[in-house]
file target15.tsv (TSV, C-alpha atoms)
chain	number	residue	atom	x	y	z
I	1121	MET	CA	-10.44	26.91	45.01
I	1122	ASN	CA	-8.27	25.14	47.57
I	1123	PHE	CA	-5.27	23.07	46.52
I	1124	TYR	CA	-3.31	20.39	48.34
I	1125	VAL	CA	0.20	19.00	48.16
I	1126	LEU	CA	0.07	15.20	47.88
I	1127	GLU	CA	2.59	13.46	50.14
I	1128	PRO	CA	2.95	9.97	51.70
I	1129	ASP	CA	0.94	9.48	54.88
I	1130	GLY	CA	3.21	10.74	57.65
I	1131	GLY	CA	5.52	12.53	55.23
I	1132	LEU	CA	8.15	9.77	55.06
I	1133	LEU	CA	9.06	8.49	51.62
I	1134	PHE	CA	10.84	5.47	53.09
I	1135	GLY	CA	8.87	4.99	56.30
I	1136	THR	CA	7.60	1.76	57.85
I	1137	LYS	CA	3.89	2.56	58.09
I	1138	TRP	CA	3.39	1.94	54.36
I	1139	ALA	CA	5.33	-0.01	51.77
I	1140	TYR	CA	7.55	1.88	49.35
I	1141	ALA	CA	9.10	0.70	46.08
I	1142	ASP	CA	12.67	0.23	44.94
I	1143	GLN	CA	13.43	0.06	41.25
I	1144	VAL	CA	14.91	-3.21	40.02
I	1145	ASP	CA	17.33	-3.42	37.10
I	1146	PRO	CA	17.27	-3.01	34.20
I	1147	VAL	CA	16.22	0.64	34.59
I	1148	ARG	CA	15.95	2.69	31.40
I	1149	ARG	CA	15.52	6.46	31.23
I	1150	GLY	CA	14.06	8.77	28.62
I	1151	ASP	CA	13.65	12.52	28.19
I	1152	GLY	CA	11.37	14.28	30.67
I	1153	ASP	CA	9.16	17.33	30.25
I	1154	ARG	CA	10.70	20.52	28.90
I	1155	CYS	CA	9.77	24.16	29.23
I	1156	PRO	CA	7.97	25.35	26.06
I	1157	VAL	CA	9.73	28.73	26.31
I	1158	CYS	CA	13.40	28.02	27.13
I	1159	GLY	CA	13.47	24.32	26.25
I	1160	GLY	CA	15.14	23.39	29.54
I	1161	PRO	CA	14.15	20.33	31.60
I	1162	VAL	CA	11.36	20.92	34.13
I	1163	GLY	CA	11.44	17.51	35.81
I	1164	GLY	CA	13.48	14.38	36.08
I	1165	LEU	CA	14.10	11.85	33.35
I	1166	LYS	CA	11.20	9.49	32.69
I	1167	TRP	CA	11.41	5.89	33.81
I	1168	LEU	CA	10.74	3.80	30.73
I	1169	PRO	CA	9.08	0.34	30.67
I	1170	PRO	CA	9.49	-2.36	31.72
I	1171	HIS	CA	8.90	-1.27	35.30
I	1172	ARG	CA	10.26	-3.84	37.78
I	1173	ILE	CA	10.03	-3.12	41.49
I	1174	LYS	CA	10.65	-4.48	44.97
I	1175	LEU	CA	8.03	-3.69	47.64
I	1176	SER	CA	9.54	-2.96	51.02
I	1177	SER	CA	6.93	-4.94	52.96
I	1178	ALA	CA	5.16	-8.27	52.51
I	1179	ASN	CA	2.36	-7.17	54.85
I	1180	PRO	CA	-0.80	-6.52	52.74
I	1181	ASP	CA	-1.96	-3.97	55.35
I	1182	LYS	CA	0.95	-1.79	54.23
I	1183	TRP	CA	0.09	-1.83	50.54
I	1184	GLY	CA	-1.43	1.61	50.03
I	1185	ASP	CA	-3.19	3.09	47.02
I	1186	PHE	CA	-0.25	5.44	46.49
I	1187	LEU	CA	3.28	4.06	46.23
I	1188	TRP	CA	6.37	6.24	46.45
I	1189	GLY	CA	10.05	5.52	45.95
I	1190	ALA	CA	13.28	6.95	44.56
I	1191	GLY	CA	13.68	7.51	40.83
I	1192	PHE	CA	10.04	8.03	39.86
I	1193	LEU	CA	7.16	10.40	40.55
I	1194	LEU	CA	4.39	8.14	41.84
I	1195	MET	CA	2.75	4.76	41.36
I	1196	VAL	CA	-0.92	4.08	42.05
I	1197	SER	CA	-2.92	0.95	42.74
I	1198	ASP	CA	-5.32	-0.61	40.29
I	1199	HIS	CA	-8.01	0.21	42.89
I	1200	PHE	CA	-7.16	3.91	42.57
I	1201	LYS	CA	-7.12	3.70	38.77
I	1202	THR	CA	-10.68	2.33	38.78
I	1203	ILE	CA	-11.86	5.10	41.14
I	1204	TYR	CA	-10.07	7.81	39.14
I	1205	GLU	CA	-11.78	6.76	35.94
I	1206	ALA	CA	-15.22	6.21	37.53
I	1207	GLU	CA	-15.17	9.61	39.26
I	1208	GLY	CA	-14.01	11.46	36.15
I	1209	LEU	CA	-10.87	12.93	37.69
I	1210	THR	CA	-8.36	14.54	35.34
I	1211	GLY	CA	-4.66	15.34	35.13
I	1212	ILE	CA	-3.07	11.93	34.70
I	1213	THR	CA	-1.72	11.74	31.16
I	1214	ALA	CA	-0.60	8.10	31.32
I	1215	PHE	CA	-1.27	4.99	33.37
I	1216	HIS	CA	1.53	2.61	32.47
I	1217	PRO	CA	0.92	-1.15	32.47
I	1218	PRO	CA	1.21	-2.79	35.90
I	1219	ALA	CA	4.74	-2.99	37.23
I	1220	GLU	CA	6.32	-6.39	37.66
I	1221	ILE	CA	6.84	-7.05	41.37
I	1222	VAL	CA	9.89	-9.27	41.64
I	1223	ARG	CA	10.48	-9.12	45.38
I	1224	VAL	CA	8.38	-8.28	48.45
I	1225	GLY	CA	10.22	-7.52	51.67
I	1226	ARG	CA	12.71	-10.34	52.13
I	1227	LYS	CA	10.72	-12.82	50.09
I	1228	LYS	CA	12.23	-14.03	46.83
I	1229	THR	CA	10.24	-14.34	43.62
I	1230	GLU	CA	9.20	-17.95	44.23
I	1231	ASP	CA	7.94	-17.04	47.73
I	1232	LEU	CA	5.75	-14.07	46.75
I	1233	PRO	CA	2.24	-13.84	48.19
I	1234	PRO	CA	-0.45	-15.28	45.89
I	1235	SER	CA	-2.41	-12.02	45.53
I	1236	LEU	CA	-0.01	-9.19	44.89
I	1237	PRO	CA	-1.32	-5.67	44.30
I	1238	GLU	CA	-1.05	-4.07	40.88
I	1239	TYR	CA	0.70	-0.72	40.70
I	1240	HIS	CA	0.84	1.61	37.70
I	1241	LEU	CA	3.47	4.27	37.16
I	1242	ILE	CA	1.65	7.49	36.27
I	1243	GLU	CA	2.51	10.68	34.42
I	1244	ILE	CA	0.72	13.92	35.24
I	1245	VAL	CA	0.18	17.32	33.65
I	1246	TRP	CA	3.02	19.82	34.02
I	1247	ASN	CA	1.83	23.45	34.29
I	1248	GLY	CA	-1.69	22.63	35.45
I	1249	ALA	CA	-1.45	25.97	37.25
I	1250	ASN	CA	1.14	28.65	37.98
I	1251	GLN	CA	2.58	29.44	41.39
I	1252	ASP	CA	2.17	33.06	42.53
I	1253	ASP	CA	5.70	33.71	43.76
I	1254	THR	CA	4.80	36.99	45.49
I	1255	ALA	CA	1.88	35.50	47.42
I	1256	SER	CA	4.07	32.50	48.28
I	1257	GLU	CA	6.63	34.93	49.78
I	1258	LEU	CA	9.34	33.20	47.80
I	1259	VAL	CA	12.94	34.25	48.44
I	1260	ARG	CA	15.58	33.19	45.89
I	1261	GLY	CA	19.35	33.14	46.20
I	1262	LYS	CA	19.85	34.19	42.58
I	1263	PRO	CA	17.74	35.16	39.55
I	1264	VAL	CA	16.19	32.45	37.40
I	1265	ASN	CA	17.26	31.96	33.80
I	1266	CYS	CA	13.70	31.62	32.49
I	1267	SER	CA	10.83	33.69	33.88
I	1268	TYR	CA	8.27	31.15	32.58
I	1269	CYS	CA	9.38	27.82	34.10
I	1270	ARG	CA	11.53	29.44	36.82
I	1271	VAL	CA	13.61	26.30	37.29
I	1272	GLY	CA	16.62	26.86	39.53
I	1273	GLY	CA	17.30	30.19	41.12
I	1274	ASN	CA	18.27	28.57	44.43
I	1275	PRO	CA	14.98	29.07	46.33
I	1276	ARG	CA	15.92	29.80	49.95
I	1277	SER	CA	12.51	29.97	51.56
I	1278	GLN	CA	8.80	30.42	50.97
I	1279	GLN	CA	5.88	30.54	53.35
I	1280	ARG	CA	3.38	28.61	51.24
I	1281	ILE	CA	2.50	27.25	47.79
I	1282	ALA	CA	0.12	29.95	46.55
I	1283	ILE	CA	-1.57	29.04	43.28
I	1284	ASP	CA	-2.56	31.76	40.84
I	1285	GLN	CA	-6.27	30.93	40.65
I	1286	GLY	CA	-6.69	32.33	37.15
I	1287	SER	CA	-3.95	30.08	35.78
I	1288	TRP	CA	-5.52	26.78	36.88
I	1289	THR	CA	-6.52	24.67	33.88
I	1290	GLY	CA	-9.10	22.67	35.83
I	1291	VAL	CA	-7.15	19.41	36.16
I	1292	ASP	CA	-7.32	17.52	39.44
I	1293	ILE	CA	-3.68	16.41	39.75
I	1294	PHE	CA	-0.75	18.33	38.29
I	1295	THR	CA	2.70	19.83	38.71
I	1296	PRO	CA	2.43	23.60	39.20
I	1297	ARG	CA	4.72	25.80	37.13
I	1298	GLY	CA	7.32	27.60	39.20
I	1299	ALA	CA	6.65	25.63	42.40
I	1300	PRO	CA	9.28	23.37	43.97
I	1301	VAL	CA	6.81	20.50	44.43
I	1302	ARG	CA	5.91	17.74	42.01
I	1303	THR	CA	2.31	16.82	42.87
I	1304	VAL	CA	-0.59	19.14	43.73
I	1305	VAL	CA	-4.26	18.15	43.69
I	1306	SER	CA	-7.63	19.89	43.64
I	1307	GLU	CA	-10.43	20.05	46.20
I	1308	ARG	CA	-12.33	17.56	44.06
I	1309	PHE	CA	-9.42	15.09	44.24
I	1310	LYS	CA	-9.37	15.47	48.02
I	1311	GLN	CA	-13.11	14.76	48.25
I	1312	VAL	CA	-12.75	11.59	46.17
I	1313	ALA	CA	-9.73	10.41	48.19
I	1314	GLU	CA	-11.62	10.86	51.46
I	1315	ALA	CA	-14.88	9.36	50.20
I	1316	HIS	CA	-13.12	6.19	49.05
I	1317	LYS	CA	-10.69	6.10	52.00
I	1318	LEU	CA	-7.67	5.91	49.72
I	1319	ARG	CA	-4.62	4.73	51.63
I	1320	ASN	CA	-1.19	6.29	52.07
I	1321	THR	CA	-2.26	9.86	51.34
I	1322	TRP	CA	-1.46	13.08	53.16
I	1323	LEU	CA	-3.21	16.02	51.55
I	1324	ILE	CA	-1.56	19.16	52.93
I	1325	PRO	CA	-3.27	22.51	52.26
I	1326	SER	CA	-0.91	24.31	49.91
I	1327	ASN	CA	-1.16	27.52	51.94
I	1328	ARG	CA	0.35	25.64	54.91
I	1329	TYR	CA	3.25	24.05	53.01
I	1330	GLY	CA	6.42	26.06	53.59
I	1331	TYR	CA	10.11	25.71	52.74
I	1332	ASP	CA	13.20	27.00	54.50
I	1333	GLN	CA	16.82	25.99	53.85
I	1334	GLN	CA	17.60	26.68	57.50
I	1335	ARG	CA	15.08	24.16	58.83
I	1336	PRO	CA	15.80	20.45	59.40
I	1337	GLY	CA	14.00	18.56	56.64
I	1338	LEU	CA	13.62	21.78	54.62
I	1339	TRP	CA	9.86	21.44	54.15
I	1340	TRP	CA	7.49	22.18	57.02
I	1341	VAL	CA	3.75	22.43	57.57
I	1342	HIS	CA	2.12	25.36	59.35
I	1343	GLU	CA	-0.09	24.45	62.29
call {"tool": "encode", "arguments": {"input": "target15.tsv", "output": "structure tokens"}}
result
Amino acid sequence: MNFYVLEPDGGLLFGTKWAYADQVDPVRRGDGDRCPVCGGPVGGLKWLPPHRIKLSSANPDKWGDFLWGAGFLLMVSDHFKTIYEAEGLTGITAFHPPAEIVRVGRKKTEDLPPSLPEYHLIEIVWNGANQDDTASELVRGKPVNCSYCRVGGNPRSQQRIAIDQGSWTGVDIFTPRGAPVRTVVSERFKQVAEAHKLRNTWLIPSNRYGYDQQRPGLWWVHE
């Protein structure tokens, strides 16, 4: 089974090719996922409703099916939600109600376009599979406190995200245990994304996704 790291098209979270989202106050936070063994946090705090956002662009051509921004994992379009459910994909544990878009580019609320997209904040499975640290050629600066979640440990470099095939639970989108990435998807997810021409996706083969503290940008993709 092949796996892919899901990133924004072009790799830029705040690029100009596609719109991104900024959170708009009030922003409330709640507890995130925790390791079932050590009890420590394994992700950031959850962004609680209501979700109010500003889109960076008023150009509809830049409104992708995947929407990134600071302070949250990922938002998806209503178009993607329909496809996800129709195709029977798995791994999303929550589609939150559509976010309230209060500003688009430089346009104020009263000047918003008449047909705004609908974006849902999603939550996905943590530990949908386990990273094989040895096969990933992971080098740490110090030992981890918990051998199960392996959070921390100052990872210095790794050549790839190698998934332990026997640990995969079969879900199509997930956060892998022990890996320093938030969103990995299955071959099936990739096929659906390509068949429906979903926008603002870069599906990087996990065996080509490396990390090195000495490189500009830290993350790099093997040719």
call {"tool": "atom_distance", "arguments": {"input": "target15.tsv", "atom1": "CA of Glu1220 (chain I)", "atom2": "CA of Ala1141 (chain I)"}}
result
11.4 Å
call {"tool": "atom_distance", "arguments": {"input": "target15.tsv", "atom1": "CA of Glu1343 (chain I)", "atom2": "CA of Pro1325 (chain I)"}}
result
10.7 Å
call {"tool": "atom_distance", "arguments": {"input": "target15.tsv", "atom1": "CA of Ser1177 (chain I)", "atom2": "CA of Val1341 (chain I)"}}
result
27.9 Å
call {"tool": "closest_residue", "arguments": {"input": "target15.tsv", "among": "I:Cys1269, I:Ala1219, I:Phe1294, I:Val1125", "to": "Trp1340 (chain I)", "atoms": "all atoms listed in the file"}}
result
I:Val1125
call {"tool": "closest_residue", "arguments": {"input": "target15.tsv", "among": "I:Pro1170, I:Val1196, I:Ser1306, I:Gly1225", "to": "Pro1146 (chain I)", "atoms": "all atoms listed in the file"}}
result
I:Pro1170
call {"tool": "residues_around", "arguments": {"input": "target15.tsv", "residues": "Phe1134 (chain I)", "least_positions_apart": "5", "cutoff": "8 Å", "atoms": "only C-alpha atoms", "output": "list in words"}}
result
Ala1139, Tyr1140 and Gly1189 of chain I
call {"tool": "closest_residue", "arguments": {"input": "target15.tsv", "among": "I:Gln1251, I:His1199, I:Glu1127, I:Val1264", "to": "Asp1284 (chain I)", "atoms": "all atoms listed in the file"}}
result
I:Gln1251
call {"tool": "closest_residue", "arguments": {"input": "target15.tsv", "among": "I:Trp1183, I:Phe1309, I:Tyr1268, I:Tyr1204", "to": "Asp1253 (chain I)", "atoms": "only C-alpha atoms"}}
result
I:Tyr1268
call {"tool": "closest_residue", "arguments": {"input": "target15.tsv", "among": "I:Gly1272, I:Gly1261, I:Gly1248, I:Pro1217", "to": "Gly1290 (chain I)", "atoms": "all atoms listed in the file"}}
result
I:Gly1248
call {"tool": "closest_atom_pairs", "arguments": {"input": "target15.tsv", "of": "region 1150-1214 of chain I", "to": "region 1318-1322 of chain I", "cutoff": "12 Å", "atoms": "all atoms listed in the file", "output": "CSV"}}
result
residue,atom,partner,partner_atom,distance
I:Pro1180,CA,I:Arg1319,CA,11.9
I:Asp1181,CA,I:Arg1319,CA,9.8
I:Lys1182,CA,I:Asn1320,CA,8.6
I:Trp1183,CA,I:Arg1319,CA,8.1
I:Gly1184,CA,I:Arg1319,CA,4.7
I:Asp1185,CA,I:Arg1319,CA,5.1
I:Phe1186,CA,I:Asn1320,CA,5.7
I:Leu1187,CA,I:Asn1320,CA,7.7
I:Trp1188,CA,I:Asn1320,CA,9.4
I:Leu1194,CA,I:Thr1321,CA,11.7
I:Met1195,CA,I:Asn1320,CA,11.5
I:Val1196,CA,I:Asn1320,CA,10.3
I:Ser1197,CA,I:Leu1318,CA,9.8
I:Asp1198,CA,I:Leu1318,CA,11.7
I:His1199,CA,I:Leu1318,CA,8.9
I:Phe1200,CA,I:Leu1318,CA,7.4
I:Lys1201,CA,I:Leu1318,CA,11.2
I:Thr1202,CA,I:Leu1318,CA,11.9
I:Ile1203,CA,I:Leu1318,CA,9.6
I:Tyr1204,CA,I:Leu1318,CA,11.0
call {"tool": "closest_residue", "arguments": {"input": "target15.tsv", "among": "I:Ile1283, I:Ala1178, I:Val1291, I:Leu1133", "to": "Leu1236 (chain I)", "atoms": "only C-alpha atoms"}}
result
I:Ala1178
call {"tool": "residues_around", "arguments": {"input": "target15.tsv", "residues": "Val1147 (chain I)", "least_positions_apart": "5", "cutoff": "8 Å", "atoms": "all atoms listed in the file", "output": "list in words"}}
result
Trp1167, Leu1168, Pro1170 and His1171 of chain I
call {"tool": "residues_near_point", "arguments": {"input": "target15.tsv", "point": "(2.0, 26.5, 33.5)", "cutoff": "12 Å", "atoms": "only C-alpha atoms", "output": "PyMOL selection string"}}
result
chain I and resi 1154-1157+1162+1245-1252+1267-1270+1283-1291+1294-1299
call {"tool": "residues_around", "arguments": {"input": "target15.tsv", "residues": "Arg1226 (chain I)", "least_positions_apart": "2", "cutoff": "10 Å", "atoms": "all atoms listed in the file", "output": "VMD selection string"}}
result
chain I and resid 1174 to 1178 1223 to 1224 1228 to 1229 1231 to 1232
call {"tool": "write_last_selection", "arguments": {"input": "target15.tsv", "atoms": "C-alpha atoms", "output": "compact mmCIF listing (two decimals), in the coordinates of the input"}}
result
# COMPACT_ATOMS: atom_id res chain seq x y z
CA LYS I 1174 10.65 -4.48 44.97
CA LEU I 1175 8.03 -3.69 47.64
CA SER I 1176 9.54 -2.96 51.02
CA SER I 1177 6.93 -4.94 52.96
CA ALA I 1178 5.16 -8.27 52.51
CA ARG I 1223 10.48 -9.12 45.38
CA VAL I 1224 8.38 -8.28 48.45
CA LYS I 1228 12.23 -14.03 46.83
CA THR I 1229 10.24 -14.34 43.62
CA ASP I 1231 7.94 -17.04 47.73
CA LEU I 1232 5.75 -14.07 46.75
call {"tool": "residues_around", "arguments": {"input": "target15.tsv", "residues": "Ile1244 (chain I)", "least_positions_apart": "5", "cutoff": "10 Å", "atoms": "all atoms listed in the file", "output": "MDAnalysis selection string"}}
result
chainID I and resid 1193:1194 1210:1215 1291:1295 1302:1303
call {"tool": "residues_around", "arguments": {"input": "target15.tsv", "residues": "Leu1323 (chain I)", "least_positions_apart": "6", "cutoff": "10 Å", "atoms": "all atoms listed in the file", "output": "list in words"}}
result
Phe1123, Tyr1124, Val1125, Leu1126, Glu1127, Pro1128, Asp1129, Val1304, Val1305, Ser1306, Glu1307, Phe1309, Lys1310, Ala1313 and Glu1314 of chain I
call {"tool": "decode", "arguments": {"input": "target15.tsv", "residues": "region 1130-1147 of chain I", "atoms": "N, CA, C and O atoms", "output": "compact mmCIF listing (two decimals), in the first residue's frame"}}
result
# COMPACT_ATOMS: atom_id res chain seq x y z
N GLY I 1130 1.59 23.22 -4.34
CA GLY I 1130 2.76 24.11 -4.35
C GLY I 1130 3.51 24.14 -3.05
O GLY I 1130 4.63 24.67 -2.99
N GLY I 1131 2.92 23.61 -1.99
CA GLY I 1131 3.61 23.50 -0.71
C GLY I 1131 3.58 24.75 0.16
O GLY I 1131 4.16 24.75 1.24
N LEU I 1132 2.90 25.81 -0.29
CA LEU I 1132 2.87 27.06 0.48
C LEU I 1132 1.55 27.21 1.22
O LEU I 1132 0.49 27.29 0.59
N LEU I 1133 1.63 27.25 2.54
CA LEU I 1133 0.43 27.42 3.34
C LEU I 1133 -0.23 28.76 3.09
O LEU I 1133 -1.45 28.87 3.04
N PHE I 1134 0.60 29.80 2.91
CA PHE I 1134 0.07 31.15 2.72
C PHE I 1134 0.50 31.70 1.35
O PHE I 1134 0.95 32.83 1.23
N GLY I 1135 0.36 30.88 0.32
CA GLY I 1135 0.71 31.29 -1.02
C GLY I 1135 -0.39 32.14 -1.66
O GLY I 1135 -1.40 32.48 -1.05
N THR I 1136 -0.18 32.47 -2.94
CA THR I 1136 -1.14 33.29 -3.67
C THR I 1136 -1.91 32.50 -4.73
O THR I 1136 -2.86 33.01 -5.31
N LYS I 1137 -1.48 31.26 -5.00
CA LYS I 1137 -2.17 30.47 -6.02
C LYS I 1137 -3.56 30.10 -5.56
O LYS I 1137 -4.52 30.06 -6.35
N TRP I 1138 -3.70 29.78 -4.27
CA TRP I 1138 -4.98 29.39 -3.68
C TRP I 1138 -5.26 30.23 -2.45
O TRP I 1138 -4.33 30.69 -1.78
N ALA I 1139 -6.53 30.41 -2.15
CA ALA I 1139 -6.90 31.15 -0.94
C ALA I 1139 -6.55 30.35 0.30
O ALA I 1139 -6.58 29.11 0.30
N TYR I 1140 -6.20 31.04 1.36
CA TYR I 1140 -6.03 30.42 2.67
C TYR I 1140 -6.96 31.14 3.63
O TYR I 1140 -7.59 32.15 3.29
N ALA I 1141 -7.06 30.62 4.86
CA ALA I 1141 -8.00 31.18 5.83
C ALA I 1141 -7.27 31.72 7.05
O ALA I 1141 -6.30 31.12 7.53
N ASP I 1142 -7.75 32.85 7.53
CA ASP I 1142 -7.33 33.38 8.83
C ASP I 1142 -8.50 33.26 9.79
O ASP I 1142 -9.66 33.53 9.43
N GLN I 1143 -8.21 32.85 11.01
CA GLN I 1143 -9.24 32.79 12.03
C GLN I 1143 -9.66 34.20 12.44
O GLN I 1143 -8.84 35.12 12.47
N VAL I 1144 -10.94 34.34 12.74
CA VAL I 1144 -11.48 35.64 13.17
C VAL I 1144 -12.04 35.47 14.58
O VAL I 1144 -12.75 34.51 14.87
N ASP I 1145 -11.72 36.42 15.44
CA ASP I 1145 -12.19 36.36 16.83
C ASP I 1145 -13.73 36.37 16.90
O ASP I 1145 -14.37 36.96 16.02
N PRO I 1146 -14.32 35.76 17.94
CA PRO I 1146 -13.64 35.10 19.04
C PRO I 1146 -13.18 33.67 18.67
O PRO I 1146 -13.90 32.97 17.98
N VAL I 1147 -11.98 33.32 19.12
CA VAL I 1147 -11.44 31.98 18.88
C VAL I 1147 -11.36 31.25 20.22
O VAL I 1147 -10.70 31.73 21.15
